[in-house]
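Only one structure is covered here, and it is reproduced in the block below.
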There are 4 protein chains.
Amino acid sequence: MRSRLLRTLLLLIFAGNSAISQTKPRARDLGVPFDGTPGTLNAITDVKGVEVGHTTLISGSGKLKVGEGPVRTGVTAILPRGKDSKEAVFGAWFTLNGNGEMTGTTWVEDSGFVDGPIMITNTHSVGVVRDAVIAWKVKRGEPDMEAYWWSLPVVAETWDGYLNDINGFHVKPEHVFHALDSAHSGAVEEGNVGGGTGMICNEFKGGIGTASRVLDAKSGGYTVGVLVQCNYGRRDQLRIAGVPVGKEIPEHPAYGDDVGSIIVAVATDAPLIPTQLKRIARKVSLGLGRMGSYSGDDSGDIFIAFSTANPGAITPKGIHDLKMLPNDQLDPLFLATVQATEEAVVNAMVAAETMTGINDRTVIALPHDRLREALKKYNRLTK
Amino acid sequence: MRSRLLRTLLLLIFAGNSAISQTKPRARDLGVPFDGTPGTLNAITDVKGVEVGHTTLISGSGKLKVGEGPVRTGVTAILPRGKDSKEAVFGAWFTLNGNGEMTGTTWVEDSGFVDGPIMITNTHSVGVVRDAVIAWKVKRGEPDMEAYWWSLPVVAETWDGYLNDINGFHVKPEHVFHALDSAHSGAVEEGNVGGGTGMICNEFKGGIGTASRVLDAKSGGYTVGVLVQCNYGRRDQLRIAGVPVGKEIPEHPAYGDDVGSIIVAVATDAPLIPTQLKRIARKVSLGLGRMGSYSGDDSGDIFIAFSTANPGAITPKGIHDLKMLPNDQLDPLFLATVQATEEAVVNAMVAAETMTGINDRTVIALPHDRLREALKKYNRLTK
Amino acid sequence: MRSRLLRTLLLLIFAGNSAISQTKPRARDLGVPFDGTPGTLNAITDVKGVEVGHTTLISGSGKLKVGEGPVRTGVTAILPRGKDSKEAVFGAWFTLNGNGEMTGTTWVEDSGFVDGPIMITNTHSVGVVRDAVIAWKVKRGEPDMEAYWWSLPVVAETWDGYLNDINGFHVKPEHVFHALDSAHSGAVEEGNVGGGTGMICNEFKGGIGTASRVLDAKSGGYTVGVLVQCNYGRRDQLRIAGVPVGKEIPEHPAYGDDVGSIIVAVATDAPLIPTQLKRIARKVSLGLGRMGSYSGDDSGDIFIAFSTANPGAITPKGIHDLKMLPNDQLDPLFLATVQATEEAVVNAMVAAETMTGINDRTVIALPHDRLREALKKYNRLTK
Amino acid sequence: MRSRLLRTLLLLIFAGNSAISQTKPRARDLGVPFDGTPGTLNAITDVKGVEVGHTTLISGSGKLKVGEGPVRTGVTAILPRGKDSKEAVFGAWFTLNGNGEMTGTTWVEDSGFVDGPIMITNTHSVGVVRDAVIAWKVKRGEPDMEAYWWSLPVVAETWDGYLNDINGFHVKPEHVFHALDSAHSGAVEEGNVGGGTGMICNEFKGGIGTASRVLDAKSGGYTVGVLVQCNYGRRDQLRIAGVPVGKEIPEHPAYGDDVGSIIVAVATDAPLIPTQLKRIARKVSLGLGRMGSYSGDDSGDIFIAFSTANPGAITPKGIHDLKMLPNDQLDPLFLATVQATEEAVVNAMVAAETMTGINDRTVIALPHDRLREALKKYNRLTK
């Protein structure tokens, strides 16, 4: 059905290279005001152990021919304890609006664990990514093949069919392996990369964004990191730092409707049990609220949170010793989640670049100068 | 334990009088910008049939003597189809943060109906209000006493123990009857009334607030009305219309913590089924997000939504003919919910007046002039 | 409205006296086969620390006069760590069918704790019991009255209006205090006691029942105890030990419909976190399945599970050291929950005695001899 | 990695042929007593419009070579309105124990619709099946490729790795297309077919089973049909018609543990809205309870229910006229769901045949004569 040659040719993989992302300004570099203290990288990878990898697929141009392109898509892998660990993390999830998919969540809900990577891709490639995660585990010799072993991977999606030949199924198992194998700590590439390649956010070009917060010592010094694949929102609702930026920059809207979605992963090193992580996941909604989202019917706004504390908790034998932060100490983590979500979304839009996809459709990047003008007009520009 | 005389003396009931509330400015009168088109009253009662009643209890001053006062509390009743109807409405609920109570929700969840009034009071009076709602129904001859009849009232709460002798249990059945019997259509009293009497919002005086939105004809012309009992939030997080008002008015914070809660009721005349109303209830979170909330651990942020369409749907016999708006047409209702929630919270703070309660604790009202100054500083003042 | 004299006269309190209950045969004494190993008492109190107290209200006879009687009702208190402890337990809840009430569950869900007693009463007395639990805590000096203290009690119900003047509101705060103050370890009174006084189960007389299971040493030696307030079910569906007992004893059905409910509390000393306790609560359904239940529309089948392990987990300060049993070791606890639920329901029916209530309505006890005959007919009698 | 020749050779497709299944005895033919009245076929296809298709993959024998076989797996497709309809149905889902996968449920939950087929396969082929359902829709020209179209297929699984080379990923898109394209009304093949090919139930050979109930005219005459992919349970817990069959036939247990799962689909033509269908889905638990299940930690017990009434409800335009059965009339449907679930599980075991899979592991079929002996011993044999 598809030419293997084409597939090879179109594969442009931007391997995770932290140098790249550092040369681009991020939201706070442009003078957007945010509260709270970010970590060193202002990224989900500020949570020790977390690694992120992307496979980015961009090829072809012009008229859509289903199966041939143009291709504007990819896969992003988040490995809660890094790719060399086979250790699960405590986790939980929440859906603000359910027009989307995150596989594996039935067991996340009941077990309290995320056992394996969290993958994000396009809507119609969730299946291939899911089974490829199992194949990747098999390749690594993870399971005892003759024993009772199974895997229920966590794979989420947003829809890139406005720019990408989504019904051409261009994501292949090798792209999944690459995203996993190239995952790394350090800076995280943002914008038109990985699963976020063809995404649209508030009718500007969207994609991957990340941010983090570090709590003060009194609150335990924990880190909260957020990564978003940002594809939601209607231009005229967009608020940045409270400023009605969407109304200030009305030009070139993409659809005039909220047909997108957003996947949010929240990582922390705070010792939280699943009940607490579910609450963290729910608070992501408030970060989107700050941005002006109304979470439209077509949106799959699905959030997952995990804690890298308590290694060993999934070991089947013995009785486990856990650490747990009391509920009374969760507020700084809740606030950090809201703040980091807000900044990660803005970072995604700031990093993304104007893209032309199928049928020569173009989605413009959030113009940095116009963003600064809008912030200045409302006396919110910090630099 | 308590003197009946005292109780009688302290009972100051502000009967629902629409004239009173109209003399006070509301948020948009002060120049706060809001999106969307409000209904005639900019109140939950813009949804035809909805009635609201309050019983307000204010008495005593000075040192707390448990059981004697000072008293700063009350009860608010929302009657989805008015007090003369025994007809249920389709309904659904959602919890953003669960440190609170809303009774009756197990059956709301499973039946898809709110069958009776929605009551809001203080945390330690939920029980008396609940049983009194049943007694009120019995008094009205609603049930066939010898048949299989029971009632599972919906009663929610927020905590007013900073200003009120909450452990004195001052709410009595007669106060519940009064709130129900005095419920009315028309303008809704806001601020220090009903269940909201002793409440605190973003460390300003809070209480009851309401707002509404009317959809344009193309979107069906439906009305969405919101009523909040507003007791949540930390001053330094407060945003109004995106402006960091809390930071601009740092004086006289109440606690320096988020120990409150917020109850939100959303009414609409759009023909929604319970699955859809649950989504409406969830969107309330986004309105609170706009206000800067992080929904702290101590907060009971519980929302309930109902539709006055489809009368007769609870009738036990026959097969019912329902109307249902398609999911694809929900977006204007989602947006209206977010907008009306945002405005109702601001209306609560604008209407509430400085109050001194137990142990001479004082919580200041949001100063209107300072609010205008803050909006002006950030170029957001509309008048 | 009601005579205080009458109220005093009607108050027949069967104080918790283990001697009484021991003289009555229990289900396995009658030859009903059950799997698994019960604890010493075959009761929820086999879980160390758990105490149970009942207040039983029986008075009057003949024609219903609302507010005067006849009265056939009460209150049951389960104190997870005993009445002298102010320490919470990890907990979780589940609803199989939601036509009922269990207050406090919004915070159980979100906090992962049951903080205080679990109370069970009739449907229309939930409110008075709820507020009385707060009053009881206040009386005991639990809170710092001037600080930020509130309580969200857990109170559940089933409907006894077939036998009891339920709209007369005969449960009073003092009855609640008595149930709490008289709670004790040791044998648990079953049948027509406490909240179960006027209940009906599978159209036989129902009420309170209890049972327990002890795991073998290989599985950790943990105890699972169950207490039910049993008011559900239709005669013709009743299975006991797989035998269609309901069809074998068709005489004197109560209503010919499933208009009842069942509240189930599951206690364990196994170190489970809330996510795991939610799974335990859900398994209760399978015990009811064994009994033939179809959980009718009118039924409030609501279950709560708690673990007495991990004392101190609710303390607001510090980081807590928890113990957690791995998920892979939960199966024996799941099975014990199912088995103990099944036996507790049968115990309730075996212990309950024929009762005549309002309007001379009589509900017959499950006739022991007929039960034995039915078991014998199907070759299931063990003795 | 895998030989295409092998793959072709191993593909033994038992096309849906109602003649085949009719020659095998079903549970009630063997004298197992069941309550209620089945439909003509005693199958999910008694609900008008429902079609079922299977692709069965059996090839190879002997030692496991990952990627080569032996293969004992397949795919089952349930099409709520038949393969020629593109019309969604109202639907809802429930998880009794979450160690499993059912994709698409986030949107089922929020939209209230099942939009497309319900697929069941093995755990490690969920992904390929999911994306292939989208490809099948694309092939059929369902979407407007250039517009905003996406699909979130419902695909569930149970684990067949005890008999099947599950990590060889033998299910391919063409197998999915075949299951869909060969779906038919009429009798449903049971036992070792489709997704059920390599499944194990109560340590006997399991697989696909189905049953139905027809309500009497007084209850509306509706039909409830159930289809199970049955892979759960521990032998010693197995009860059939209340008889401890598992204990009576202890020989040749498969694992001595509950490592399986069960997927249950419930269809009805009763006009139920999603809130009501969720309750139907939850009642499936009670059917499993009757069978003795304790729903072990390793089990993915996931249920989905849909109603074929109310065609057109998903149409994006206009306001829809729906029919809804009142909650008060749900009891016969609840009972039918419980009864049909119970019978479908027994039918799966009765139909399944002894199978030898990887590494010459053999799982015995439930011996019909021994089943009859056990029923007779406990006086439950009907013929």
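All residue names refer to the structure tokens as shown: chains lettered A, B, ... in order, residues numbered from 1 in each chain, ligands numbered from 1 in order.
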Out of stretch 149-311 of chain B, which residues get alpha helix (DSSP H) from DSSP, as JSON, numbers by chain?
-> {"B": [173, 174, 175, 176, 177, 178, 179, 180, 181, 245, 246, 247, 248, 274, 275, 276, 277, 278, 279, 280, 281, 282, 283, 284, 285, 286, 287, 288, 289, 290]}
For chain A versus chain C, which residues have an atom no more than 6 Å away, and what is each residue's nearest atom pair and distance in Å rounded to one decimal, using only C-alpha atoms, chain-then-number order, as a tab-separated table?
residue	atom	partner	partner_atom	distance
A:Pro316	CA	C:Asp328	CA	5.3
A:Ile319	CA	C:Leu325	CA	4.9
A:His320	CA	C:Met324	CA	5.0
A:Asp321	CA	C:Lys323	CA	4.8
A:Leu322	CA	C:Leu322	CA	4.8
A:Lys323	CA	C:Asp321	CA	4.8
A:Met324	CA	C:His320	CA	5.0
A:Leu325	CA	C:Ile319	CA	4.9
A:Pro326	CA	C:Pro316	CA	5.5
A:Asp328	CA	C:Pro316	CA	5.3
Go ahead and write the residues just picked, all heavy atoms, as an mmCIF file, in the first residue's frame.
data_model
loop_
_atom_site.group_PDB
_atom_site.id
_atom_site.type_symbol
_atom_site.label_atom_id
_atom_site.label_comp_id
_atom_site.auth_asym_id
_atom_site.auth_seq_id
_atom_site.Cartn_x
_atom_site.Cartn_y
_atom_site.Cartn_z
ATOM 1 N N PRO A 316 6.555 -7.681 43.370
ATOM 2 C CA PRO A 316 5.426 -8.518 43.821
ATOM 3 C C PRO A 316 5.599 -9.153 45.193
ATOM 4 O O PRO A 316 4.616 -9.534 45.810
ATOM 5 C CB PRO A 316 5.324 -9.590 42.732
ATOM 6 C CG PRO A 316 6.608 -9.552 41.983
ATOM 7 C CD PRO A 316 7.196 -8.198 42.146
ATOM 8 N N ILE A 319 6.510 -6.989 51.850
ATOM 9 C CA ILE A 319 5.670 -5.844 52.203
ATOM 10 C C ILE A 319 6.520 -4.617 51.988
ATOM 11 O O ILE A 319 7.655 -4.560 52.451
ATOM 12 C CB ILE A 319 5.207 -5.920 53.667
ATOM 13 C CG1 ILE A 319 4.348 -7.174 53.851
ATOM 14 C CG2 ILE A 319 4.432 -4.679 54.056
ATOM 15 C CD1 ILE A 319 3.917 -7.393 55.270
ATOM 16 N N HIS A 320 5.969 -3.626 51.304
ATOM 17 C CA HIS A 320 6.799 -2.496 50.919
ATOM 18 C C HIS A 320 6.763 -1.385 51.950
ATOM 19 O O HIS A 320 5.733 -1.091 52.532
ATOM 20 C CB HIS A 320 6.365 -1.965 49.559
ATOM 21 C CG HIS A 320 6.511 -2.993 48.497
ATOM 22 N ND1 HIS A 320 7.633 -3.781 48.389
ATOM 23 C CD2 HIS A 320 5.697 -3.398 47.510
ATOM 24 C CE1 HIS A 320 7.506 -4.609 47.382
ATOM 25 N NE2 HIS A 320 6.328 -4.414 46.840
ATOM 26 N N ASP A 321 7.922 -0.768 52.106
ATOM 27 C CA ASP A 321 8.021 0.453 52.895
ATOM 28 C C ASP A 321 7.887 1.628 51.956
ATOM 29 O O ASP A 321 8.683 1.780 51.025
ATOM 30 C CB ASP A 321 9.389 0.515 53.596
ATOM 31 C CG ASP A 321 9.486 -0.540 54.680
ATOM 32 O OD1 ASP A 321 8.617 -0.565 55.565
ATOM 33 O OD2 ASP A 321 10.431 -1.346 54.622
ATOM 34 N N LEU A 322 6.877 2.424 52.199
ATOM 35 C CA LEU A 322 6.656 3.589 51.348
ATOM 36 C C LEU A 322 6.889 4.858 52.149
ATOM 37 O O LEU A 322 6.775 4.884 53.370
ATOM 38 C CB LEU A 322 5.206 3.632 50.849
ATOM 39 C CG LEU A 322 4.661 2.466 50.050
ATOM 40 C CD1 LEU A 322 3.228 2.767 49.639
ATOM 41 C CD2 LEU A 322 5.533 2.185 48.847
ATOM 42 N N LYS A 323 7.136 5.906 51.426
ATOM 43 C CA LYS A 323 7.089 7.254 51.986
ATOM 44 C C LYS A 323 5.849 7.943 51.425
ATOM 45 O O LYS A 323 5.506 7.754 50.257
ATOM 46 C CB LYS A 323 8.320 8.067 51.573
ATOM 47 C CG LYS A 323 9.639 7.494 52.038
ATOM 48 C CD LYS A 323 9.828 7.667 53.533
ATOM 49 C CE LYS A 323 11.184 7.121 53.973
ATOM 50 N NZ LYS A 323 11.297 7.125 55.457
ATOM 51 N N MET A 324 5.208 8.705 52.247
ATOM 52 C CA MET A 324 4.048 9.467 51.782
ATOM 53 C C MET A 324 4.052 10.856 52.392
ATOM 54 O O MET A 324 4.167 11.010 53.610
ATOM 55 C CB MET A 324 2.744 8.774 52.161
ATOM 56 C CG MET A 324 1.510 9.514 51.622
ATOM 57 S SD MET A 324 -0.089 8.874 52.237
ATOM 58 C CE MET A 324 -0.157 9.661 53.859
ATOM 59 N N LEU A 325 3.895 11.845 51.544
ATOM 60 C CA LEU A 325 3.715 13.213 52.016
ATOM 61 C C LEU A 325 2.282 13.352 52.524
ATOM 62 O O LEU A 325 1.350 12.895 51.860
ATOM 63 C CB LEU A 325 3.942 14.166 50.832
ATOM 64 C CG LEU A 325 4.359 15.586 51.127
ATOM 65 C CD1 LEU A 325 5.717 15.644 51.808
ATOM 66 C CD2 LEU A 325 4.391 16.394 49.824
ATOM 67 N N PRO A 326 2.065 13.949 53.696
ATOM 68 C CA PRO A 326 0.680 14.103 54.165
ATOM 69 C C PRO A 326 -0.125 14.990 53.213
ATOM 70 O O PRO A 326 0.429 15.897 52.588
ATOM 71 C CB PRO A 326 0.831 14.794 55.521
ATOM 72 C CG PRO A 326 2.247 14.608 55.920
ATOM 73 C CD PRO A 326 3.041 14.480 54.651
ATOM 74 N N ASP A 328 -1.934 17.332 53.949
ATOM 75 C CA ASP A 328 -1.839 18.734 54.358
ATOM 76 C C ASP A 328 -0.651 19.461 53.741
ATOM 77 O O ASP A 328 -0.563 20.679 53.856
ATOM 78 C CB ASP A 328 -1.737 18.832 55.886
ATOM 79 C CG ASP A 328 -3.013 18.407 56.555
ATOM 80 O OD1 ASP A 328 -3.286 17.190 56.587
ATOM 81 O OD2 ASP A 328 -3.762 19.275 57.015
#
Between A:Ala132, A:Ala156, A:Leu333, A:Leu366, single out the one closest to A:Glu174, counting only C-alpha atoms.
-> A:Ala132
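Residue nearest B:Ile200 within the list B:Gly31, B:Gly69, B:Pro253, B:Gly168: B:Pro253 [criterion: smallest interatomic distance, only C-alpha atoms].
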Using only C-alpha atoms, which of the listed residues (B:Ala336, B:Ala265, B:Ala217, B:Leu375) sits closest to B:Pro38?
->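 Comparing B:Ala336, B:Ala265, B:Ala217, B:Leu375 against B:Pro38, the winner is B:Ala336.
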Return as a ChimeraX atom specification the full set of residues in stretch 69-133 of chain C whose backbone-based DSSP assignment is strand (DSSP E or B).
-> /C:69,71-79,89-98,102,113-114,118-122
For atom CA of B:Ile262 and atom CA of A:Tyr222, the interatomic separation in Å (one decimal) |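 Pair atom CA of B:Ile262 / atom CA of A:Tyr222 returns 28.1 Å.
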Can I get the residues of stretch 237-300 of chain B within 10 Å of stretch 134-153 of chain C, each with the closest pair of atoms and their distance in Å to one decimal, using only C-alpha atoms, sorted chain first then ascending number, as a Markdown table?
| residue | atom | partner | partner_atom | distance |
| --- | --- | --- | --- | --- |
| B:Tyr255 | CA | C:Tyr148 | CA | 9.9 |
| B:Val259 | CA | C:Tyr148 | CA | 7.9 |
| B:Gly260 | CA | C:Tyr148 | CA | 9.9 |
| B:Asp298 | CA | C:Tyr148 | CA | 9.8 |
Neighbour list for B:Gln229 as JSON, numbers by chain, cut-off 6 Å, only C-alpha atoms, skip fewer than 5 positions in-chain | {"B": [196, 207, 208, 262, 263]}
